[in-house]
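Take a look at the structure below.
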Amino acid sequence: MTSGKYVEVCSVRLVVMALLSFASSGCWADDDRIRVINVFGRGGLDHEDAQAIADRVSNVARAEMKLSERMKVGVGATHLEAAVIVDEHSTPRANFAGGATWPLDLGTFVSESDHAEGSKVAVIGWPVRDRLFRANAKPLGEQVFIAGIGFRVIGVLGAHPPFVDDLLPDLQDDWDEEKTAVALATRVYVPFNAGRNLFSATAKNNALIRVWVKDQASIDATRTEVRQVLEQRTGRPVMLQIVTFPPSSTPTADNSFGDTT
């Protein structure tokens with residue numbers, strides 16, 4: 001394993017350790033938490049599955065589908081490996097505790113019309129910008145190539161640390177916030193309809209549908225209904241997971257953690 005990949009793996013492990021430690025410490029009252037249902041399907045899920053959940057389960061506020069895969073992203077002869085993400089109706093979040101939108105250094109996020117129209121546009125993390133162009137470059141309007149397909153850069157994520165120090169009281173000696181910020185920001189967001197054809201069968205088999213419920217008290221019954229709808233549609237088992245978020249957060253598929261069942 002190269003040193004760069006080793007750093008990234010270690011950073012992700014630290015993220016998980018910190019979040020589990022914080023979630024189990026009782027810092028958030030159960031009544032204040034937000035719970036959603038994550039759906040994973042062997043053999044693949046698609047947009048129509050998410051739509052069926054939204055249409056046929058009464059307690060569902062919305063159902064969002066996400067695909068992600070590590071892929072080569074390049075400009076000319078320069079390439080790097082980044083997490084390429086398509087995620088309906090979401091904007092990147094800066095941290096796990098606050099739920100604030102990840103600040104942009106330049107440009108705009110992917111819009112609803114970009115999703116609907118299949119626009120070949122991209123929001124890139126600042127480490128991607130620095131590697132493919134130059135440090136602090138302004139690449140708006142330039143193209144990056146993913147699997148040989150050009151996407152026009154419309155935004156650059158800012159250099160925002162994903163955590164604050166007081167979330168990690170037990171890991172300060174081991175925590176390298178700067179390296180973790182780089183690892184987590186090495187990503188590219190593209191519109192759903194333009195991006196989903198980029199992904200391999202493996203990534204599609206690991207697709208995630210996030211289900212937001214209207215009535216938190218009925219989430220267990222809703223999970224049963226979601227399972228029934230999908231198994232009737234696909235004829236195969238699905239795995240559902242109830243995920244807990246801190247209060248006052250607006251979670252995306254990038255930052256789920258907590259109590260799972």
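Residues in the structure tokens are named by chain (A, B, ... in the order shown) and by number from 1 within that chain; ligands are numbered from 1 in the order shown.
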
As a ChimeraX atom specification, please: the residues near stretch 142-144 of chain A (cut-off 12 Å, only C-alpha atoms, same-chain neighbours under 5 positions excluded).
/A:72-80,82,84,120-124,128-129,131-133,137,149-156,188-190

Considering only C-alpha atoms, return as a list in words whatever protein or nucleic-acid residues lie within 10 Å of A:Ser119, sequence-local ones (same chain, fewer than 5 positions apart) excluded.
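After dropping sequence-adjacent residues, the list is Val110, Ser111, Ser113, Asp114, Phe151, Arg152, Val190, Pro191, Phe192, Asn193, Ala194 and Gly195 of chain A.
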
Just to be explicit: take each residue in the selection above, keep N, CA, C and O atoms, and write the result as a PDB file, in the first residue's frame.
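Contents of selection26.pdb, freshly written:
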```pdb
ATOM      1  N   VAL A 110     -24.045  21.723  -7.693  1.00  0.00           N
ATOM      2  CA  VAL A 110     -24.912  21.109  -8.690  1.00  0.00           C
ATOM      3  C   VAL A 110     -26.363  21.460  -8.345  1.00  0.00           C
ATOM      4  O   VAL A 110     -26.769  21.385  -7.189  1.00  0.00           O
ATOM      5  N   SER A 111     -27.143  21.860  -9.342  1.00  0.00           N
ATOM      6  CA  SER A 111     -28.515  22.305  -9.112  1.00  0.00           C
ATOM      7  C   SER A 111     -29.518  21.205  -9.460  1.00  0.00           C
ATOM      8  O   SER A 111     -29.175  20.193 -10.086  1.00  0.00           O
ATOM      9  N   SER A 113     -31.833  21.500 -11.665  1.00  0.00           N
ATOM     10  CA  SER A 113     -31.932  21.444 -13.129  1.00  0.00           C
ATOM     11  C   SER A 113     -30.754  20.683 -13.727  1.00  0.00           C
ATOM     12  O   SER A 113     -30.912  19.980 -14.738  1.00  0.00           O
ATOM     13  N   ASP A 114     -29.575  20.773 -13.109  1.00  0.00           N
ATOM     14  CA  ASP A 114     -28.432  19.987 -13.572  1.00  0.00           C
ATOM     15  C   ASP A 114     -28.728  18.491 -13.474  1.00  0.00           C
ATOM     16  O   ASP A 114     -28.409  17.708 -14.375  1.00  0.00           O
ATOM     17  N   PHE A 151     -16.337  16.916 -18.027  1.00  0.00           N
ATOM     18  CA  PHE A 151     -17.310  17.602 -17.179  1.00  0.00           C
ATOM     19  C   PHE A 151     -16.783  19.010 -16.900  1.00  0.00           C
ATOM     20  O   PHE A 151     -15.633  19.177 -16.494  1.00  0.00           O
ATOM     21  N   ARG A 152     -17.632  19.999 -17.109  1.00  0.00           N
ATOM     22  CA  ARG A 152     -17.235  21.394 -16.906  1.00  0.00           C
ATOM     23  C   ARG A 152     -17.282  21.742 -15.423  1.00  0.00           C
ATOM     24  O   ARG A 152     -18.283  21.503 -14.741  1.00  0.00           O
ATOM     25  N   VAL A 190     -21.028  15.140  -9.361  1.00  0.00           N
ATOM     26  CA  VAL A 190     -21.594  15.344 -10.692  1.00  0.00           C
ATOM     27  C   VAL A 190     -23.097  15.088 -10.629  1.00  0.00           C
ATOM     28  O   VAL A 190     -23.584  14.371  -9.740  1.00  0.00           O
ATOM     29  N   PRO A 191     -23.876  15.652 -11.556  1.00  0.00           N
ATOM     30  CA  PRO A 191     -25.326  15.430 -11.550  1.00  0.00           C
ATOM     31  C   PRO A 191     -25.677  13.957 -11.734  1.00  0.00           C
ATOM     32  O   PRO A 191     -24.972  13.208 -12.420  1.00  0.00           O
ATOM     33  N   PHE A 192     -26.796  13.578 -11.159  1.00  0.00           N
ATOM     34  CA  PHE A 192     -27.156  12.167 -11.120  1.00  0.00           C
ATOM     35  C   PHE A 192     -27.305  11.577 -12.515  1.00  0.00           C
ATOM     36  O   PHE A 192     -26.692  10.557 -12.835  1.00  0.00           O
ATOM     37  N   ASN A 193     -28.114  12.179 -13.357  1.00  0.00           N
ATOM     38  CA  ASN A 193     -28.393  11.583 -14.668  1.00  0.00           C
ATOM     39  C   ASN A 193     -27.173  11.567 -15.577  1.00  0.00           C
ATOM     40  O   ASN A 193     -27.040  10.686 -16.428  1.00  0.00           O
ATOM     41  N   ALA A 194     -26.273  12.532 -15.419  1.00  0.00           N
ATOM     42  CA  ALA A 194     -25.054  12.536 -16.219  1.00  0.00           C
ATOM     43  C   ALA A 194     -24.001  11.600 -15.652  1.00  0.00           C
ATOM     44  O   ALA A 194     -23.153  11.094 -16.390  1.00  0.00           O
ATOM     45  N   GLY A 195     -24.050  11.374 -14.341  1.00  0.00           N
ATOM     46  CA  GLY A 195     -22.988  10.633 -13.686  1.00  0.00           C
ATOM     47  C   GLY A 195     -23.187   9.147 -13.556  1.00  0.00           C
ATOM     48  O   GLY A 195     -22.211   8.391 -13.520  1.00  0.00           O
TER      49      GLY A 195
END
```

Quick one: distance from atom CA of A:Lys214 to atom CA of A:Ala61 in Å, one decimal?
5.4 Å

For stretch 53-56 of chain A, list every protein, DNA or RNA residue within 12 Å, evaluated using only C-alpha atoms, and leave out those in the same chain fewer than 3 positions away; present the list as a PDB file with C-alpha atoms, in the first residue's frame.
```pdb
ATOM      1  CA  ILE A  37     -33.613   4.634   6.643  1.00  0.00           C
ATOM      2  CA  ASN A  38     -30.735   3.534   4.428  1.00  0.00           C
ATOM      3  CA  VAL A  39     -31.576   0.895   1.816  1.00  0.00           C
ATOM      4  CA  LEU A  45     -30.965  -0.390  -7.031  1.00  0.00           C
ATOM      5  CA  ASP A  46     -32.132   2.266  -9.437  1.00  0.00           C
ATOM      6  CA  HIS A  47     -33.912   5.600  -9.514  1.00  0.00           C
ATOM      7  CA  GLU A  48     -37.259   3.878 -10.121  1.00  0.00           C
ATOM      8  CA  ASP A  49     -36.865   1.998  -6.816  1.00  0.00           C
ATOM      9  CA  ALA A  50     -36.406   5.284  -4.974  1.00  0.00           C
ATOM     10  CA  ASN A  59     -44.729   8.116   5.874  1.00  0.00           C
ATOM     11  CA  VAL A  60     -41.934   8.905   3.419  1.00  0.00           C
ATOM     12  CA  ALA A  61     -41.040  12.561   2.920  1.00  0.00           C
ATOM     13  CA  ARG A  62     -38.553  11.787   0.153  1.00  0.00           C
ATOM     14  CA  ALA A  63     -36.215   9.068  -1.065  1.00  0.00           C
ATOM     15  CA  GLU A  64     -32.783   9.937  -2.471  1.00  0.00           C
ATOM     16  CA  MET A  65     -30.400   7.696  -4.337  1.00  0.00           C
ATOM     17  CA  ILE A 209     -31.254   4.905  -1.196  1.00  0.00           C
ATOM     18  CA  ARG A 210     -31.753   7.237   1.760  1.00  0.00           C
ATOM     19  CA  VAL A 211     -35.349   7.427   2.984  1.00  0.00           C
ATOM     20  CA  TRP A 212     -36.482  10.453   4.997  1.00  0.00           C
ATOM     21  CA  VAL A 213     -39.587   9.912   7.121  1.00  0.00           C
ATOM     22  CA  LYS A 214     -42.297  12.368   8.128  1.00  0.00           C
ATOM     23  CA  THR A 222     -42.057   2.496   7.694  1.00  0.00           C
ATOM     24  CA  ARG A 223     -38.966   0.337   7.370  1.00  0.00           C
ATOM     25  CA  THR A 224     -41.218  -2.739   7.081  1.00  0.00           C
ATOM     26  CA  GLU A 225     -43.294  -1.054   4.370  1.00  0.00           C
ATOM     27  CA  VAL A 226     -40.195  -0.029   2.427  1.00  0.00           C
ATOM     28  CA  ARG A 227     -38.916  -3.600   2.538  1.00  0.00           C
ATOM     29  CA  GLN A 228     -42.239  -4.932   1.251  1.00  0.00           C
ATOM     30  CA  VAL A 229     -42.365  -2.443  -1.625  1.00  0.00           C
ATOM     31  CA  LEU A 230     -38.834  -3.213  -2.790  1.00  0.00           C
ATOM     32  CA  GLU A 231     -39.072  -6.972  -2.445  1.00  0.00           C
ATOM     33  CA  GLN A 232     -42.314  -6.960  -4.421  1.00  0.00           C
ATOM     34  CA  ARG A 233     -40.616  -4.880  -7.125  1.00  0.00           C
TER      35      ARG A 233
END
```

So that I can check the secondary structure, give me every residue of stretch 43-121 of chain A assigned strand (DSSP E) by backbone DSSP, as an MDAnalysis selection string.
chainID A and resid 60:75 78:87 104:107 121
